[in-house]
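Engineer: start_8.cif (mmCIF, C-alpha atoms) pasted underneath:
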```cif
data_upload
#
loop_
_atom_site.label_atom_id
_atom_site.label_comp_id
_atom_site.auth_asym_id
_atom_site.auth_seq_id
_atom_site.Cartn_x
_atom_site.Cartn_y
_atom_site.Cartn_z
CA MET A 16 23.60 14.10 -3.85
CA ALA A 17 21.97 13.63 -7.25
CA ILE A 18 23.89 12.05 -10.12
CA ARG A 19 24.30 14.58 -12.92
CA ILE A 20 24.02 13.21 -16.47
CA LYS A 21 26.04 15.00 -19.15
CA LEU A 22 27.04 14.37 -22.75
CA SER A 23 30.72 14.74 -23.64
CA THR A 24 31.20 14.97 -27.41
CA GLU A 25 34.98 15.16 -26.91
CA ALA A 26 35.04 11.80 -25.14
CA ASN A 27 32.18 10.37 -27.20
CA ALA A 28 30.58 9.38 -23.90
CA ILE A 29 27.69 9.97 -21.54
CA LEU A 30 28.91 10.97 -18.09
CA PHE A 31 27.29 10.12 -14.74
CA GLU A 32 28.97 12.60 -12.40
CA GLY A 33 28.83 11.68 -8.72
CA SER A 34 28.54 7.94 -9.29
CA SER A 35 31.04 5.09 -8.92
CA ALA A 36 30.77 4.26 -12.63
CA PRO A 37 30.98 7.73 -14.15
CA SER A 38 31.14 7.28 -17.94
CA TYR A 39 30.06 5.04 -20.80
CA PHE A 40 30.73 5.28 -24.51
CA ASN A 41 27.84 6.46 -26.66
CA GLY A 42 25.60 3.74 -28.00
CA ILE A 43 26.00 1.13 -25.24
CA LEU A 44 23.28 2.22 -22.79
CA THR A 45 19.49 1.94 -23.04
CA ALA A 46 17.13 3.25 -20.36
CA SER A 47 13.53 2.15 -19.69
CA VAL A 48 10.85 2.72 -17.10
CA ALA A 49 10.59 -0.24 -14.69
CA THR A 50 7.60 0.76 -12.59
CA GLY A 51 6.40 3.95 -10.98
CA SER A 52 9.41 6.14 -10.25
CA LEU A 53 11.92 3.35 -10.90
CA ILE A 54 14.01 3.07 -14.07
CA ASN A 55 16.51 0.57 -15.50
CA ILE A 56 19.64 1.45 -17.46
CA GLU A 57 20.93 -1.54 -19.42
CA ASN A 58 24.49 -1.92 -20.71
CA VAL A 59 23.62 -3.28 -24.15
CA ALA A 60 27.25 -3.94 -25.06
CA ALA A 61 27.76 -6.16 -22.02
CA SER A 62 24.41 -7.95 -22.23
CA THR A 63 24.04 -11.29 -24.02
CA GLY A 64 21.05 -13.22 -25.26
CA SER A 65 20.72 -15.06 -21.97
CA SER A 66 21.91 -12.37 -19.58
CA THR A 67 21.03 -8.69 -19.22
CA VAL A 68 23.56 -6.42 -17.56
CA TYR A 69 22.19 -3.36 -15.79
CA GLU A 70 24.26 -0.37 -14.67
CA TYR A 71 21.25 0.89 -12.70
CA TYR A 72 18.38 -1.47 -11.81
CA ASN A 73 15.06 -0.35 -10.30
CA TYR A 74 16.70 2.96 -9.55
CA ASP A 75 14.62 5.97 -8.55
CA TYR A 76 14.75 8.60 -11.31
CA ASN A 77 14.83 11.32 -8.62
CA ASN A 78 18.45 10.33 -8.00
CA PHE A 79 19.36 11.82 -11.40
CA GLU A 80 19.50 15.36 -12.75
CA ASP A 81 20.28 16.77 -16.20
CA ALA A 82 23.44 18.57 -17.32
CA THR A 83 22.18 21.90 -15.95
CA GLY A 84 21.40 20.43 -12.53
CA SER A 85 17.64 20.40 -13.08
CA ALA A 86 15.44 17.59 -11.77
CA PHE A 87 13.35 15.45 -14.12
CA PRO A 88 9.56 15.87 -13.92
CA ASP A 89 8.91 12.11 -14.14
CA ALA A 90 10.51 8.75 -14.86
CA GLN A 91 9.74 8.85 -18.58
CA ALA A 92 11.44 12.23 -18.97
CA ALA A 93 14.58 10.84 -17.30
CA VAL A 94 14.54 7.80 -19.57
CA ASP A 95 14.09 9.93 -22.71
CA TYR A 96 16.94 12.23 -21.67
CA ILE A 97 19.31 9.34 -21.00
CA ASN A 98 18.51 7.58 -24.27
CA GLU A 99 18.95 10.76 -26.29
CA ASN A 100 22.33 11.57 -24.75
CA ALA A 101 23.57 7.98 -24.70
CA ASN A 102 23.03 7.51 -28.42
CA GLN A 103 24.62 10.57 -29.99
CA PRO A 104 26.57 10.32 -33.25
CA ALA A 105 30.16 9.18 -32.90
CA VAL A 106 32.81 11.86 -32.64
CA PHE A 107 33.95 11.48 -36.24
CA GLU A 108 30.41 12.21 -37.41
CA ASN A 109 30.68 15.58 -35.70
CA ILE A 110 34.11 16.56 -36.98
CA GLN A 111 34.42 15.27 -40.53
CA GLY A 112 32.48 13.96 -43.48
CA TYR A 113 31.54 14.46 -47.08
CA LEU A 114 28.66 14.96 -49.48
CA GLY A 115 29.10 12.94 -52.65
CA LEU A 116 26.84 13.39 -55.68
CA LEU A 117 27.01 11.00 -58.63
CA SER A 118 25.52 11.27 -62.09
CA GLY A 119 24.17 8.40 -64.15
CA TYR A 120 27.70 7.78 -65.43
CA TYR A 121 28.34 5.48 -62.46
CA TYR A 122 25.10 3.57 -62.94
CA GLY A 123 25.43 2.41 -66.53
CA SER A 124 23.98 5.59 -67.98
CA ASN A 125 25.42 8.98 -68.94
CA ALA A 126 27.18 11.87 -67.27
CA THR A 127 25.55 15.30 -67.22
CA THR A 128 26.65 17.13 -70.37
CA MET A 129 26.88 20.80 -71.22
CA SER A 130 27.70 22.40 -74.55
CA VAL A 131 30.18 25.29 -74.53
CA SER A 132 29.46 27.35 -77.64
CA LEU A 133 31.76 29.76 -79.40
CA ALA A 134 29.90 32.61 -77.68
CA ASP A 135 30.62 31.01 -74.29
CA VAL A 136 34.39 30.72 -74.56
CA ASN A 137 36.61 32.59 -72.09
CA THR A 138 33.62 33.06 -69.77
CA TYR A 139 32.97 31.30 -66.47
CA LEU A 140 29.78 29.27 -66.80
CA ASP A 141 27.52 27.67 -64.19
CA VAL A 142 27.61 23.90 -64.51
CA PRO A 143 24.32 21.95 -64.51
CA PHE A 144 24.32 18.62 -62.72
CA GLU A 145 21.76 15.83 -62.66
CA ILE A 146 22.02 13.53 -59.65
CA HIS A 147 21.17 9.89 -60.24
CA PRO A 148 18.28 8.69 -57.98
CA SER A 149 20.78 6.49 -56.12
CA GLY A 150 23.66 8.92 -56.38
CA THR A 151 23.48 10.95 -53.15
CA PHE A 152 25.90 10.01 -50.35
CA ASP A 153 25.35 12.42 -47.50
CA TYR A 154 27.89 11.86 -44.74
CA ARG A 155 28.29 15.50 -43.72
CA PRO A 156 29.03 16.32 -40.06
CA GLN A 157 25.88 16.17 -37.96
CA VAL A 158 25.90 19.92 -37.35
CA MET A 159 25.46 20.46 -41.09
CA LYS A 160 22.65 17.92 -41.41
CA SER A 161 20.84 19.44 -38.44
CA ALA A 162 21.18 22.96 -39.83
CA GLN A 163 20.25 22.08 -43.41
CA PRO A 164 18.95 18.58 -44.28
CA LEU A 165 19.72 19.12 -47.97
CA GLY A 166 23.30 20.20 -48.53
CA TYR A 167 22.92 20.84 -52.25
CA ASP A 168 20.30 22.76 -54.25
CA THR A 169 19.68 21.02 -57.57
CA GLY A 170 17.97 24.11 -58.96
CA SER A 171 20.73 26.63 -58.30
CA GLY A 172 23.71 24.28 -58.08
CA LEU A 173 24.67 25.71 -54.70
CA PHE A 174 26.38 23.82 -51.90
CA THR A 175 25.53 25.24 -48.47
CA LEU A 176 28.01 25.68 -45.61
CA GLU A 177 25.29 26.17 -43.02
CA GLY A 178 26.16 24.67 -39.65
CA LEU A 179 29.89 25.36 -40.00
CA ASP A 180 32.03 27.79 -37.98
CA LEU A 181 35.49 29.30 -38.23
CA SER A 182 37.20 26.08 -37.12
CA THR A 183 36.30 24.39 -40.40
CA PHE A 184 38.25 23.71 -43.57
CA GLY A 185 37.09 21.83 -46.61
CA ALA A 186 37.72 20.82 -50.17
CA PHE A 187 35.75 20.34 -53.36
CA ARG A 188 36.42 17.75 -56.05
CA SER A 189 34.72 17.21 -59.38
CA SER A 190 35.09 14.37 -61.84
CA LEU A 191 34.66 15.38 -65.48
CA SER A 192 35.86 15.24 -69.06
CA PHE A 193 35.96 17.80 -71.86
CA ASP A 194 35.84 17.14 -75.61
CA PRO A 195 37.06 20.28 -77.45
CA ASP A 196 35.97 21.27 -80.94
CA GLU A 197 39.23 23.11 -81.64
CA ASP A 198 42.95 22.70 -80.99
CA ASP A 199 45.01 24.44 -78.29
CA GLY A 200 42.31 24.22 -75.64
CA LEU A 201 42.61 25.05 -71.95
CA LEU A 202 39.94 24.25 -69.36
CA GLU A 203 39.78 26.11 -66.04
CA GLY A 204 37.51 25.74 -63.04
CA ARG A 205 36.57 27.58 -59.91
CA ILE A 206 34.29 27.47 -56.90
CA LEU A 207 32.44 30.75 -56.54
CA PHE A 208 31.46 31.65 -52.97
CA GLN A 209 28.49 33.77 -51.94
CA ARG A 210 28.92 35.38 -48.51
CA HIS A 211 26.31 35.48 -45.76
CA SER A 212 24.40 38.67 -45.00
CA GLY A 213 26.16 41.58 -43.33
CA SER A 214 29.60 40.60 -44.63
CA THR A 215 32.28 43.14 -45.42
CA PRO A 216 33.09 42.95 -48.25
CA SER A 217 29.78 41.57 -49.51
CA SER A 218 30.82 40.65 -53.06
CA ASP A 219 31.31 37.06 -54.23
CA PHE A 220 34.81 35.61 -54.34
CA SER A 221 36.35 32.57 -55.96
CA ILE A 222 39.12 29.97 -55.76
CA SER A 223 40.24 28.86 -59.20
CA SER A 224 42.63 26.45 -60.86
CA THR A 225 43.59 25.10 -64.27
CA ILE A 226 41.70 21.86 -64.77
CA THR A 227 43.52 20.55 -67.81
CA PRO A 228 45.42 21.72 -70.89
CA MET A 229 44.39 19.95 -74.09
CA PRO A 230 47.66 19.41 -75.98
CA ASP A 231 46.47 16.60 -78.26
CA GLY A 232 44.02 18.77 -80.17
CA ALA A 233 40.33 18.53 -80.85
CA ALA A 234 38.02 15.52 -80.71
CA VAL A 235 39.82 14.00 -77.72
CA ASP A 236 38.00 13.41 -74.43
CA TYR A 237 40.25 14.90 -71.74
CA GLU A 238 39.52 13.50 -68.28
CA ALA A 239 40.27 15.38 -65.06
CA GLU A 240 39.41 15.50 -61.34
CA PRO A 241 40.14 19.04 -60.13
CA TYR A 242 40.51 19.49 -56.37
CA LEU A 243 40.13 22.86 -54.64
CA SER A 244 40.63 23.44 -50.91
CA PHE A 245 39.33 26.30 -48.75
CA PHE A 246 38.75 27.37 -45.16
CA VAL A 247 35.49 28.69 -43.73
CA GLY A 248 36.22 32.33 -42.99
CA ASP A 249 34.06 34.83 -41.16
CA THR A 250 32.05 35.81 -44.25
CA ILE A 251 30.98 32.29 -45.29
CA ASP A 252 30.45 30.65 -41.89
CA THR A 253 27.02 30.32 -40.26
CA ASN A 254 25.74 33.78 -39.38
CA ALA A 255 22.23 32.66 -38.34
CA PRO A 256 19.74 29.91 -39.23
CA GLY A 257 19.27 30.03 -42.99
CA ASP A 258 22.11 32.53 -43.37
CA ALA A 259 25.47 30.97 -44.23
CA GLY A 260 27.95 30.92 -47.07
CA THR A 261 27.27 28.94 -50.23
CA PHE A 262 29.29 28.07 -53.31
CA LYS A 263 28.88 26.65 -56.80
CA PHE A 264 31.18 25.08 -59.37
CA GLN A 265 31.93 26.87 -62.64
CA ILE A 266 34.15 26.15 -65.67
CA ARG A 267 35.81 28.29 -68.34
CA SER A 268 37.17 27.06 -71.66
CA ASN A 269 39.05 28.98 -74.34
CA VAL A 270 37.57 26.73 -77.05
CA PRO A 271 34.06 25.39 -77.68
CA GLY A 272 33.29 21.78 -76.81
CA ILE A 273 31.28 19.39 -74.66
CA LEU A 274 31.70 19.12 -70.89
CA SER A 275 30.67 15.83 -69.25
CA LEU A 276 30.27 16.06 -65.48
CA ARG A 277 30.36 12.76 -63.62
CA ALA A 278 30.51 13.57 -59.90
CA LEU A 279 30.75 16.37 -57.34
CA THR A 280 32.11 15.92 -53.81
CA LEU A 281 32.34 18.28 -50.84
CA TYR A 282 34.74 17.27 -48.05
CA ILE A 283 34.50 18.81 -44.57
CA ASN A 284 36.77 18.82 -41.51
CA ARG A 285 35.82 20.71 -38.33
#
```
Take the structure in the file and write it out as structure tokens.

Structural biologist:
Amino acid sequence: MAIRIKLSTEANAILFEGSSAPSYFNGILTASVATGSLINIENVAASTGSSTVYEYYNYDYNNFEDATGSAFPDAQAAVDYINENANQPAVFENIQGYLGLLSGYYYGSNATTMSVSLADVNTYLDVPFEIHPSGTFDYRPQVMKSAQPLGYDTGSGLFTLEGLDLSTFGAFRSSLSFDPDEDDGLLEGRILFQRHSGSTPSSDFSISSTITPMPDGAAVDYEAEPYLSFFVGDTIDTNAPGDAGTFKFQIRSNVPGILSLRALTLYINR
């Protein structure tokens, strides 16, 4: 009976069904071709500089099969399959993560600024953001990275939710300050979602919140870190490759002034 090799993301392990040593945590096994049809599978975690520990030594690759029960065409194919499945991301990399974007503010330079003119007041405005060259921290779940290597479009200001399904919830946080030109100011923010194709309804929707009142009058830099949570519903999940929900951050002020945007962060839990 062939030993079936399967990946279990729930257990964060590679399984060898039908063997006396059926499972190993991801990242501790390395396979290599020994000679001809024979392969070695080393337990890297158990090996030391002077001693190599093998779970399978000079073992015929024909004794293994993949998760579907199919035989391997040759020894190298078996080795490649084992190494790929024995070195998957850890479970937490599949279920949670974040995408953090920092401006020059955190690198001895300046935040991204935007002027809100008198004509702009009481209107939701798209917020420009310039990412510092060292300011991208992409620790999104692997399904998101695989679906879309870049999680944020610097041209449109859109965060993508591609790779996510209905089991997901998330949150968005921004770090900013606002310097009003007039008294009695109020700053609000929202994340505006664009739905994937074929959604009913198809119109955009938003989640909004008051960012900060400005009770001390004009010419004061009011700092805030608004935090907005959401769940990935059936109109912003992944509908198909390249077709998923997106969102962008917007602000609205009832007085003119200068917005300084320091950081944007998307948090994800699956």

Engineer: Would you kindly translate the PyMOL selection byres ((chain A and resi 276) around 9) into the concrete residues it picks from this file, as a ChimeraX atom specification?

Structural biologist: /A:118,120,126-129,142-145,189-193,274-275,277-279

Engineer: When the PyMOL selection byres ((chain A and resi 198-203) around 7) is applied to the structure above, which residues does it catch, written out as a list in words?

Structural biologist: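 Against this file, the PyMOL selection byres ((chain A and resi 198-203) around 7) returns the residues Pro195, Glu197, Gly204, Ser224, Thr225, Ile226, Thr227, Pro228, Met229, Pro230, Gly232, Ala233, Ile266, Arg267, Ser268, Asn269 and Val270 of chain A.
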
Engineer: Between A:Ser52, A:Asn100, A:Ser85, A:Thr250, which residue has the minimum interatomic distance to Ile29 (chain A), considering all atoms listed in the file?

Structural biologist: A:Asn100

Engineer: Taking only C-alpha atoms into account, which of A:Ser35, A:Asn55, A:Ser171, A:Thr50 comes nearest Tyr72 (chain A)?

Structural biologist: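 Of A:Ser35, A:Asn55, A:Ser171, A:Thr50, the one nearest Tyr72 (chain A), counting only C-alpha atoms, is A:Asn55.
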
Engineer: Would you list the residues near (34.3, 26.1, -32.2) (no more than 12 Å away, in the coordinates of the file, using all atoms listed in the file) as a PyMOL selection string?

Structural biologist: chain A and resi 109-110+158+178-183+247+252-253+285

Engineer: Give the answer as one residue: which of A:Ala101, A:Leu44, A:Ala49, A:Ala86 has the shortest atom-to-atom distance to Ser23 (chain A), using all atoms listed in the file?

Structural biologist: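 Closest to Ser23 (chain A), using all atoms listed in the file: A:Ala101.
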
Engineer: So how many Å separate CA of Asp141 (chain A) and CA of His211 (chain A), to one decimal?

Structural biologist: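 Interatomic distance here is 20.1 Å.
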
Engineer: Out of A:Asn41, A:Gln157, A:Asn58, A:Ser214, which residue has the shortest atom-to-atom distance to Gln111 (chain A) when counting all atoms listed in the file?

Structural biologist: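 Closest residue, counting all atoms listed in the file: A:Gln157.
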
Engineer: Quick check on the file I pasted: which residues fall under the PyMOL selection byres ((chain A and resi 19) around 12)? Write them as a list in words.

Structural biologist: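 Applied to this file, the PyMOL selection byres ((chain A and resi 19) around 12) returns Met16, Ala17, Ile18, Ile20, Lys21, Leu22, Ile29, Leu30, Phe31, Glu32, Gly33, Ser34, Pro37, Ser38, Tyr76, Asn77, Asn78, Phe79, Glu80, Asp81, Ala82, Thr83, Gly84, Ser85, Ala86, Phe87, Ala93, Tyr96 and Ile97 of chain A.
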
Engineer: Neighbours of Ile54 (chain A) within 6 Å (only C-alpha atoms; same-chain residues fewer than 4 positions away dropped), as a PyMOL selection string?

Structural biologist: chain A and resi 47-49+73-74

Engineer: One decimal, in Å: what's the spacing between CA of Gln163 (chain A) and CA of Asp258 (chain A)?

Structural biologist: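 Value for the CA of Gln163 (chain A)-CA of Asp258 (chain A) distance: 10.6 Å.
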
Engineer: Could you check which of A:Tyr167, A:Phe262, A:Tyr237, A:Tyr122 is closest to Ile206 (chain A), using all atoms listed in the file?

Structural biologist: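 The shortest atom-to-atom distance to Ile206 (chain A) comes from A:Phe262.
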
Engineer: Determine, counting all atoms listed in the file, which protein, DNA and RNA residues have an atom within 9 Å of an atom of Asp153 (chain A); residues of the same chain fewer than 6 positions away are not included. Present the result as a list in words.

Structural biologist: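 Everything that qualifies: Gly112, Tyr113, Leu114, Gly115, Leu116, Lys160, Leu165 and Gly166 of chain A.
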
Engineer: Please, what distance in Å, to one decimal, runs between CA of Pro148 (chain A) and CA of Ala186 (chain A)?

Structural biologist: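 Those two atoms sit 24.2 Å apart.
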
Engineer: List as a VMD selection string the protein and nucleic acid residues near Gly213 (chain A), meaning an atom at most 12 Å away when all atoms listed in the file are counted, but skip any in the same chain fewer than 2 places from it.

Structural biologist: chain A and resid 209 to 211 215 to 218 249 to 255 258 to 260

Engineer: Write the residues you've just listed into a file as a PDB file, in the frame of the given file, and include C-alpha atoms for each of them.

Structural biologist:
```pdb
ATOM      1  CA  GLN A 209      28.490  33.770 -51.940  1.00  0.00           C
ATOM      2  CA  ARG A 210      28.920  35.380 -48.510  1.00  0.00           C
ATOM      3  CA  HIS A 211      26.310  35.480 -45.760  1.00  0.00           C
ATOM      4  CA  THR A 215      32.280  43.140 -45.420  1.00  0.00           C
ATOM      5  CA  PRO A 216      33.090  42.950 -48.250  1.00  0.00           C
ATOM      6  CA  SER A 217      29.780  41.570 -49.510  1.00  0.00           C
ATOM      7  CA  SER A 218      30.820  40.650 -53.060  1.00  0.00           C
ATOM      8  CA  ASP A 249      34.060  34.830 -41.160  1.00  0.00           C
ATOM      9  CA  THR A 250      32.050  35.810 -44.250  1.00  0.00           C
ATOM     10  CA  ILE A 251      30.980  32.290 -45.290  1.00  0.00           C
ATOM     11  CA  ASP A 252      30.450  30.650 -41.890  1.00  0.00           C
ATOM     12  CA  THR A 253      27.020  30.320 -40.260  1.00  0.00           C
ATOM     13  CA  ASN A 254      25.740  33.780 -39.380  1.00  0.00           C
ATOM     14  CA  ALA A 255      22.230  32.660 -38.340  1.00  0.00           C
ATOM     15  CA  ASP A 258      22.110  32.530 -43.370  1.00  0.00           C
ATOM     16  CA  ALA A 259      25.470  30.970 -44.230  1.00  0.00           C
ATOM     17  CA  GLY A 260      27.950  30.920 -47.070  1.00  0.00           C
TER      18      GLY A 260
END
```

Engineer: Give me the residues within 9 Å of Ala60 (chain A) as an mmCIF file with C-alpha atoms, in the frame of the given file, counting only C-alpha atoms and dropping any in the same chain fewer than 6 places off.

Structural biologist:
```cif
data_model
loop_
_atom_site.group_PDB
_atom_site.id
_atom_site.type_symbol
_atom_site.label_atom_id
_atom_site.label_comp_id
_atom_site.auth_asym_id
_atom_site.auth_seq_id
_atom_site.Cartn_x
_atom_site.Cartn_y
_atom_site.Cartn_z
ATOM 1 C CA GLY A 42 25.600 3.740 -28.000
ATOM 2 C CA ILE A 43 26.000 1.130 -25.240
ATOM 3 C CA LEU A 44 23.280 2.220 -22.790
ATOM 4 C CA VAL A 68 23.560 -6.420 -17.560
#
```

Engineer: Which residue out of A:Arg188, A:Leu53, A:Val131, A:Tyr139 has the minimum interatomic distance to Ser221 (chain A) when only C-alpha atoms are used?

Structural biologist: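 Looking only at the distances to Ser221 (chain A), the closest residue turns out to be A:Tyr139.
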